[in-house]
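Have a look at the structure below, then the notes.
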Amino acid sequence: MIFSIQRFIEDYFQKRNVSDVDQFAVSLANLYDRRRAQTSRDQFLLAMRRVRTLFYKNNVSLNRPDFERGLLKVLDDRFDPKKKGFEKEPHFSSNLSQARKRLSLRRRLTINQILLEYKRAVEARAIDAFWKSRKKGNLRSRPESIAQSLLATALRMFFRNRGYGLEFREFASGVGFVDIGVVLSHVLHLIELKVLVKSFQGPAQLQQYMVSEGRREGWLIVLDTRPDNLKTILPPTIHTKRGDIRILSIDINPVAPSKKKLR
């Protein structure tokens with residue numbers, strides 16, 4: 001549910017031609033998913049008002065109370081907070097909490113550890129977020145944006161109260177935009193997300209960002225939608241003259257346990 005809410009808010013911002021520089025949509029989606037069903041309209045508007053953000057400083061023409069009243073109305077029209085089961089579907093955040101506990105035991109976080117926990121959480125809780133009908137092979141619109149939103153949510157959870165770690169979403173690099181940038185120990189890690197339907201794409205684009213940012217390493221996260229009989233193993237690393245591209249494959253079209261055979 002939370003990802004549908006986030007995409008809805010992002011689309012609402014886009015239609016209003018307002019810029020979201022600090023992921024205000026992510027904060028609002030989390031707040032709505034977590035608290036709307038238990039609070040009155042006025043209580044929730046107060047909670048929205050307490051969210052710290054640069055959103056209104058960067059969109060000075062907006063009147064915050066009026067804008068948030070309008071946004072809450074369209075959210076309630078689209079997502080009925082009284083609907084049965086509103087809070088009961090499996091939450092991606094439940095797996096993030098477990099991942100955060102595991103990461104908290106480590107003295108020093110690495111980008112590899114963080115992305116492996118993201119992969120684990122997506123494969124455990126977020127596969128259906130990408131599909132209208134997995135049986136029919138129908139993906140939702142903008143699946144790469146879904147993956148990006150999931151990763152942004154995961155990074156916020158992992159970095160909470162750690163005192164370090166900084167994440168950027170869709171920042172300009174040369175003539176393009178990097179999907180996600182993560183700063184750990186003053187080192188920028190470039191991350192691109194691609195949905196693999198038929199042909200493998202992404203390394204050339206990521207390599208150009210590596211050149212623009214002066215980085216010798218980049219991460220390509222591949223959301224593999226292919227059916228089991230068409231899956232091929234992707235290389236863990238692609239070595240180029242410009243540096244190494246690390247590949248992390250996430251299976252979002254796995255074989256159902258009921259259809260697996262004993263080996």
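Each chain of the structure tokens is named A, B, ... in the order shown, its residues numbered from 1; ligands are numbered from 1 in display order.
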Quick one: residues within 9 Å of A:Ala99, only C-alpha atoms, excluding same-chain residues fewer than 2 positions away - as a short mmCIF file (atom, residue, chain, number, x, y, z; two decimals) with C-alpha atoms, in the first residue's frame?
```cif
data_model
loop_
_atom_site.label_atom_id
_atom_site.label_comp_id
_atom_site.auth_asym_id
_atom_site.auth_seq_id
_atom_site.Cartn_x
_atom_site.Cartn_y
_atom_site.Cartn_z
CA SER A 94 8.62 -5.03 8.58
CA ASN A 95 11.52 -6.59 6.71
CA LEU A 96 13.43 -3.31 6.81
CA SER A 97 13.22 -3.34 10.60
CA LYS A 101 18.77 -4.71 13.33
CA ARG A 102 21.27 -6.84 11.44
CA LEU A 103 23.07 -3.79 10.08
CA SER A 104 23.15 -2.16 13.52
CA ILE A 114 23.13 -2.26 2.44
CA GLU A 117 19.62 -6.21 2.64
CA TYR A 118 17.55 -4.23 0.13
CA ARG A 120 16.48 -9.53 0.61
CA ALA A 121 13.63 -7.23 1.68
CA PHE A 158 19.00 1.93 7.53
#
```
DSSP helix (DSSP H, G or I) residues within stretch 94-256 of chain A, as a PyMOL selection string:
chain A and resi 94-104+111-125+127-130+143-159+203-213+228-230
Residue nearest A:Tyr209 among A:Asp22, A:His186, A:Asn229, A:Ile245 (counting only C-alpha atoms):
A:Ile245
Report as a PyMOL selection string: the residues of stretch 67-248 of chain A with a DSSP assignment of strand (DSSP E or B), based on the backbone of this structure.
chain A and resi 131-133+138-139+166-173+176-184+187-196+217-224+237-240+243-248
May I have the selected residues written with N, CA and C atoms, as a short mmCIF file (atom, residue, chain, number, x, y, z; two decimals), in the first residue's frame?
```
data_model
loop_
_atom_site.label_atom_id
_atom_site.label_comp_id
_atom_site.auth_asym_id
_atom_site.auth_seq_id
_atom_site.Cartn_x
_atom_site.Cartn_y
_atom_site.Cartn_z
N TRP A 131 3.81 -5.59 -9.99
CA TRP A 131 2.96 -6.28 -10.94
C TRP A 131 1.48 -5.88 -10.84
N LYS A 132 0.86 -5.68 -12.00
CA LYS A 132 -0.59 -5.65 -12.06
C LYS A 132 -1.10 -7.09 -12.01
N SER A 133 -0.46 -7.94 -12.81
CA SER A 133 -0.77 -9.37 -12.81
C SER A 133 0.50 -10.13 -13.18
N ASN A 138 1.94 -8.75 -16.63
CA ASN A 138 1.66 -7.32 -16.76
C ASN A 138 2.29 -6.53 -15.62
N LEU A 139 3.33 -5.77 -15.94
CA LEU A 139 3.98 -4.92 -14.95
C LEU A 139 3.17 -3.65 -14.71
N LEU A 166 24.25 9.37 3.81
CA LEU A 166 23.45 10.39 3.15
C LEU A 166 23.00 9.85 1.81
N GLU A 167 21.76 10.05 1.49
CA GLU A 167 21.20 9.49 0.26
C GLU A 167 20.60 10.60 -0.60
N PHE A 168 20.90 10.58 -1.91
CA PHE A 168 20.31 11.51 -2.86
C PHE A 168 19.48 10.70 -3.85
N ARG A 169 18.41 11.29 -4.30
CA ARG A 169 17.57 10.59 -5.27
C ARG A 169 17.48 11.41 -6.55
N GLU A 170 17.79 10.77 -7.68
CA GLU A 170 17.74 11.41 -8.99
C GLU A 170 18.47 12.75 -9.00
N PHE A 171 19.79 12.69 -8.91
CA PHE A 171 20.55 13.94 -8.97
C PHE A 171 21.24 14.06 -10.32
N ALA A 172 21.42 15.29 -10.76
CA ALA A 172 21.98 15.55 -12.08
C ALA A 172 23.44 15.15 -12.14
N SER A 173 23.82 14.53 -13.26
CA SER A 173 25.21 14.18 -13.51
C SER A 173 25.45 14.30 -15.01
N GLY A 176 22.58 13.72 -17.72
CA GLY A 176 21.58 12.77 -17.26
C GLY A 176 21.32 12.89 -15.77
N PHE A 177 20.61 11.91 -15.24
CA PHE A 177 20.27 11.89 -13.82
C PHE A 177 20.55 10.51 -13.24
N VAL A 178 21.38 10.46 -12.21
CA VAL A 178 21.65 9.22 -11.50
C VAL A 178 20.43 8.87 -10.66
N ASP A 179 20.03 7.60 -10.66
CA ASP A 179 18.84 7.19 -9.91
C ASP A 179 19.00 7.46 -8.41
N ILE A 180 20.08 6.93 -7.83
CA ILE A 180 20.32 7.07 -6.39
C ILE A 180 21.81 7.29 -6.16
N GLY A 181 22.12 8.22 -5.29
CA GLY A 181 23.50 8.39 -4.83
C GLY A 181 23.55 8.22 -3.32
N VAL A 182 24.49 7.44 -2.83
CA VAL A 182 24.63 7.20 -1.39
C VAL A 182 26.04 7.60 -0.98
N VAL A 183 26.14 8.43 0.06
CA VAL A 183 27.44 8.84 0.58
C VAL A 183 27.69 8.10 1.88
N LEU A 184 28.78 7.34 1.91
CA LEU A 184 29.24 6.63 3.11
C LEU A 184 30.70 6.98 3.33
N VAL A 187 32.37 9.00 0.75
CA VAL A 187 32.53 8.41 -0.58
C VAL A 187 31.16 8.29 -1.24
N LEU A 188 31.04 8.79 -2.47
CA LEU A 188 29.79 8.73 -3.21
C LEU A 188 29.68 7.40 -3.97
N HIS A 189 28.58 6.70 -3.76
CA HIS A 189 28.30 5.46 -4.47
C HIS A 189 27.14 5.70 -5.44
N LEU A 190 27.36 5.42 -6.72
CA LEU A 190 26.36 5.64 -7.75
C LEU A 190 25.55 4.36 -7.97
N ILE A 191 24.22 4.49 -7.98
CA ILE A 191 23.35 3.33 -8.12
C ILE A 191 22.33 3.60 -9.22
N GLU A 192 22.26 2.71 -10.18
CA GLU A 192 21.25 2.74 -11.22
C GLU A 192 20.35 1.51 -11.06
N LEU A 193 19.05 1.68 -11.32
CA LEU A 193 18.10 0.58 -11.22
C LEU A 193 17.46 0.35 -12.58
N LYS A 194 17.48 -0.89 -13.03
CA LYS A 194 16.90 -1.25 -14.32
C LYS A 194 16.00 -2.47 -14.17
N VAL A 195 14.89 -2.45 -14.90
CA VAL A 195 13.99 -3.60 -14.93
C VAL A 195 14.33 -4.42 -16.17
N LEU A 196 14.67 -5.68 -15.96
CA LEU A 196 15.07 -6.57 -17.06
C LEU A 196 13.85 -7.36 -17.52
N GLU A 217 33.84 2.95 -9.58
CA GLU A 217 32.93 1.86 -9.28
C GLU A 217 31.49 2.37 -9.29
N GLY A 218 30.58 1.56 -9.78
CA GLY A 218 29.16 1.89 -9.77
C GLY A 218 28.34 0.63 -9.56
N TRP A 219 27.11 0.80 -9.10
CA TRP A 219 26.24 -0.34 -8.81
C TRP A 219 25.03 -0.31 -9.74
N LEU A 220 24.78 -1.46 -10.38
CA LEU A 220 23.61 -1.61 -11.24
C LEU A 220 22.70 -2.67 -10.62
N ILE A 221 21.54 -2.22 -10.15
CA ILE A 221 20.56 -3.14 -9.58
C ILE A 221 19.58 -3.54 -10.67
N VAL A 222 19.47 -4.82 -10.92
CA VAL A 222 18.64 -5.33 -12.00
C VAL A 222 17.44 -6.07 -11.41
N LEU A 223 16.24 -5.55 -11.69
CA LEU A 223 15.01 -6.22 -11.27
C LEU A 223 14.60 -7.18 -12.38
N ASP A 224 14.80 -8.47 -12.14
CA ASP A 224 14.63 -9.49 -13.18
C ASP A 224 13.19 -9.96 -13.24
N THR A 237 30.21 -8.73 -11.84
CA THR A 237 30.98 -7.51 -12.10
C THR A 237 31.28 -7.40 -13.59
N ILE A 238 31.17 -6.20 -14.11
CA ILE A 238 31.60 -5.91 -15.48
C ILE A 238 32.80 -4.98 -15.39
N HIS A 239 33.94 -5.44 -15.87
CA HIS A 239 35.17 -4.64 -15.83
C HIS A 239 35.27 -3.81 -17.12
N THR A 240 35.44 -2.50 -16.95
CA THR A 240 35.60 -1.61 -18.10
C THR A 240 36.84 -0.75 -17.90
N GLY A 243 36.24 1.65 -15.09
CA GLY A 243 36.04 1.16 -13.73
C GLY A 243 35.17 -0.08 -13.71
N ASP A 244 34.79 -0.50 -12.52
CA ASP A 244 34.02 -1.73 -12.34
C ASP A 244 32.55 -1.42 -12.07
N ILE A 245 31.69 -2.14 -12.79
CA ILE A 245 30.25 -2.04 -12.57
C ILE A 245 29.79 -3.29 -11.83
N ARG A 246 29.32 -3.11 -10.61
CA ARG A 246 28.84 -4.22 -9.79
C ARG A 246 27.37 -4.48 -10.11
N ILE A 247 27.03 -5.74 -10.34
CA ILE A 247 25.67 -6.11 -10.70
C ILE A 247 25.00 -6.81 -9.53
N LEU A 248 23.82 -6.35 -9.15
CA LEU A 248 23.02 -7.02 -8.13
C LEU A 248 21.67 -7.35 -8.75
#
```
Give the answer as one residue: which of A:Lys231, A:Pro143, A:Val21, A:Val175 has the shortest atom-to-atom distance to A:Tyr56, using only C-alpha atoms?
A:Val21
Distance of atom CA of A:Ala25 from atom CA of A:Phe13, expressed in Å to one decimal place
8.4 Å
My list of candidates is A:Ser4, A:Asn253, A:Ser19, A:Asn58. Which is closest to A:Arg78 when distances are computed with only C-alpha atoms?
A:Ser4
Option closest in space to A:Phe55, from A:Leu72, A:Thr39, A:Val26, A:Ala152 [counting only C-alpha atoms]:
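Result for the nearest residue to A:Phe55: A:Val26.
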With only C-alpha atoms as the atoms that count, which of A:Asp33, A:Glu68, A:Glu123, A:Asp228 lies nearest to A:Tyr12?
A:Glu68
Measuring between only C-alpha atoms, which one of A:Arg160, A:Lys136, A:Lys119, A:Arg215 shows the shortest distance to A:Ser249?
A:Lys119
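In this structure, atom CA of A:Phe130 sits 26.2 Å away from atom CA of A:Lys73.
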Interatomic distance, atom CA of A:Glu10 to atom CA of A:Asn63 (Å, one decimal)
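For atom CA of A:Glu10 relative to atom CA of A:Asn63, the distance reads 18.2 Å.
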